[in-house]
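First comes the structure, then the notes that go with it.
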Amino acid sequence: MQRTFALNDEAALVICDYGKAERPKIPFPYYAEVMTGFEYSTAAHMIYAGMVREGIECIANIRARYDGEKRNPWDEAECGHHYARAMAAWSGFLALSGFRYHGPTGAVTAMPRVPHENFRCFWASGTGWGTFALSPAGLELKILHGSLACRSCEFPGSGAASSATLDGNAVPHRVEPSRNRAVFRFPDTVRLAEGQVLRLSLKA
């Protein structure tokens with residue numbers, strides 16, 4: 001044991017568990033340690049794999065250890081203070097929100113992995129940030145800062161009729177239906193500027 005990042009009855013994921021096998025006389029370094037960077041990335045992987053409850057539990061355990069009383073919530077130490085690997089916490093946010101942006105193709109995906117009927121969340125890309133909202137009516141994408149070049153939008157929903165507007169103005173599009181989701185494709189890149197709102201809807 002080199003360092004202690006979890007104590008007593010605190011819940012955590014250790015780097016390695018030898019299970020029923022015999023532990024080597026000289027195990028590899030860090031095998032019995034707890035590091036939040038690895039925990040966050042594992043939690044995100046769980047969420048992407050459909051183990052949402054387990055992934056959230058893992059993240060909740062981290063936050064319980066760094067709750068501001070036991071430890072500094074802004075300093076998840078590993079090999080020193082303010083260790084960069086703890087920034088993997090962002091991966092859990094991305095996994096739960098289901099928001100992805102692929103810059104080269106201008107593809108927006110909004111597929112939350114938490115139960116929802118009306119869902120609203122923050123998003124960020126390399127060129128801007130804003131919010132997106134999902135409801136039975138469809139998707140609303142707001143640009144609060146910067147810009148976003150969009151060629152397609154994928155989100156949960158189905159319907160025979162569709163509409164797409166940018167600040168109330170109709171946007172040419174076609175819809176590719178899929179299982180419990182729809183993909184709006186635009187013949188020309190839709191360039192969303194700061195303050196603009198893209199609304200996509202589907203109707204039966």
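Just so we're on the same page: first chain in the structure tokens is A, next is B, and so on; residues restart at 1 for each chain, and ligands are numbered from 1 in the order they show up.
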
As a PyMOL selection string, please: all residues of chain A that backbone DSSP puts in alpha helix (DSSP H).
chain A and resi 36-48+52-65+89-97

Produce a file of the selected residues containing C-alpha atoms, as an mmCIF file, in the first residue's frame.
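Here's the written file out.cif:
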data_model
loop_
_atom_site.group_PDB
_atom_site.id
_atom_site.type_symbol
_atom_site.label_atom_id
_atom_site.label_comp_id
_atom_site.auth_asym_id
_atom_site.auth_seq_id
_atom_site.Cartn_x
_atom_site.Cartn_y
_atom_site.Cartn_z
ATOM 1 C CA THR A 36 -11.112 9.123 -9.240
ATOM 2 C CA GLY A 37 -9.882 9.537 -12.811
ATOM 3 C CA PHE A 38 -10.167 5.789 -13.379
ATOM 4 C CA GLU A 39 -13.451 5.642 -11.471
ATOM 5 C CA TYR A 40 -15.047 8.356 -13.609
ATOM 6 C CA SER A 41 -13.973 6.737 -16.864
ATOM 7 C CA THR A 42 -15.258 3.354 -15.681
ATOM 8 C CA ALA A 43 -18.566 4.918 -14.621
ATOM 9 C CA ALA A 44 -18.959 6.553 -18.033
ATOM 10 C CA HIS A 45 -18.247 3.235 -19.728
ATOM 11 C CA MET A 46 -20.936 1.612 -17.584
ATOM 12 C CA ILE A 47 -23.453 4.275 -18.613
ATOM 13 C CA TYR A 48 -22.633 3.901 -22.320
ATOM 14 C CA VAL A 52 -26.819 3.590 -15.919
ATOM 15 C CA ARG A 53 -27.700 2.864 -12.281
ATOM 16 C CA GLU A 54 -24.271 1.362 -11.592
ATOM 17 C CA GLY A 55 -22.480 4.244 -13.312
ATOM 18 C CA ILE A 56 -24.385 6.860 -11.309
ATOM 19 C CA GLU A 57 -23.686 4.929 -8.105
ATOM 20 C CA CYS A 58 -19.966 4.971 -8.864
ATOM 21 C CA ILE A 59 -19.998 8.751 -9.416
ATOM 22 C CA ALA A 60 -22.091 9.293 -6.278
ATOM 23 C CA ASN A 61 -19.504 7.346 -4.259
ATOM 24 C CA ILE A 62 -16.739 9.653 -5.483
ATOM 25 C CA ARG A 63 -18.704 12.767 -4.606
ATOM 26 C CA ALA A 64 -19.469 11.319 -1.147
ATOM 27 C CA ARG A 65 -15.737 11.005 -0.491
ATOM 28 C CA ALA A 89 -15.571 13.523 -14.524
ATOM 29 C CA TRP A 90 -16.732 15.305 -17.696
ATOM 30 C CA SER A 91 -17.127 11.923 -19.414
ATOM 31 C CA GLY A 92 -19.951 11.018 -17.039
ATOM 32 C CA PHE A 93 -21.794 14.194 -17.962
ATOM 33 C CA LEU A 94 -21.448 13.414 -21.667
ATOM 34 C CA ALA A 95 -22.596 9.827 -21.169
ATOM 35 C CA LEU A 96 -25.716 10.799 -19.213
ATOM 36 C CA SER A 97 -26.722 13.769 -21.374
#

Selection: 7 Å around region 118-130 of chain A, only C-alpha atoms, excl. self and same-chain fewer than 3 positions, as number ranges by chain
A: 97, 99, 101, 133-135, 142-148

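The coordinates place CA of Val190 (chain A) at 22.4 Å from CA of Gly159 (chain A).
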
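Atom pair CA of Ala160 (chain A) / CA of Val175 (chain A) has a distance of 9.3 Å (rounded to one decimal).
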
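Of the residues under consideration (A:Glu33, A:Glu176, A:Glu117, A:Asp188), A:Glu33 shows the shortest atom-to-atom contact distance to Ala77 (chain A) when counting only C-alpha atoms.
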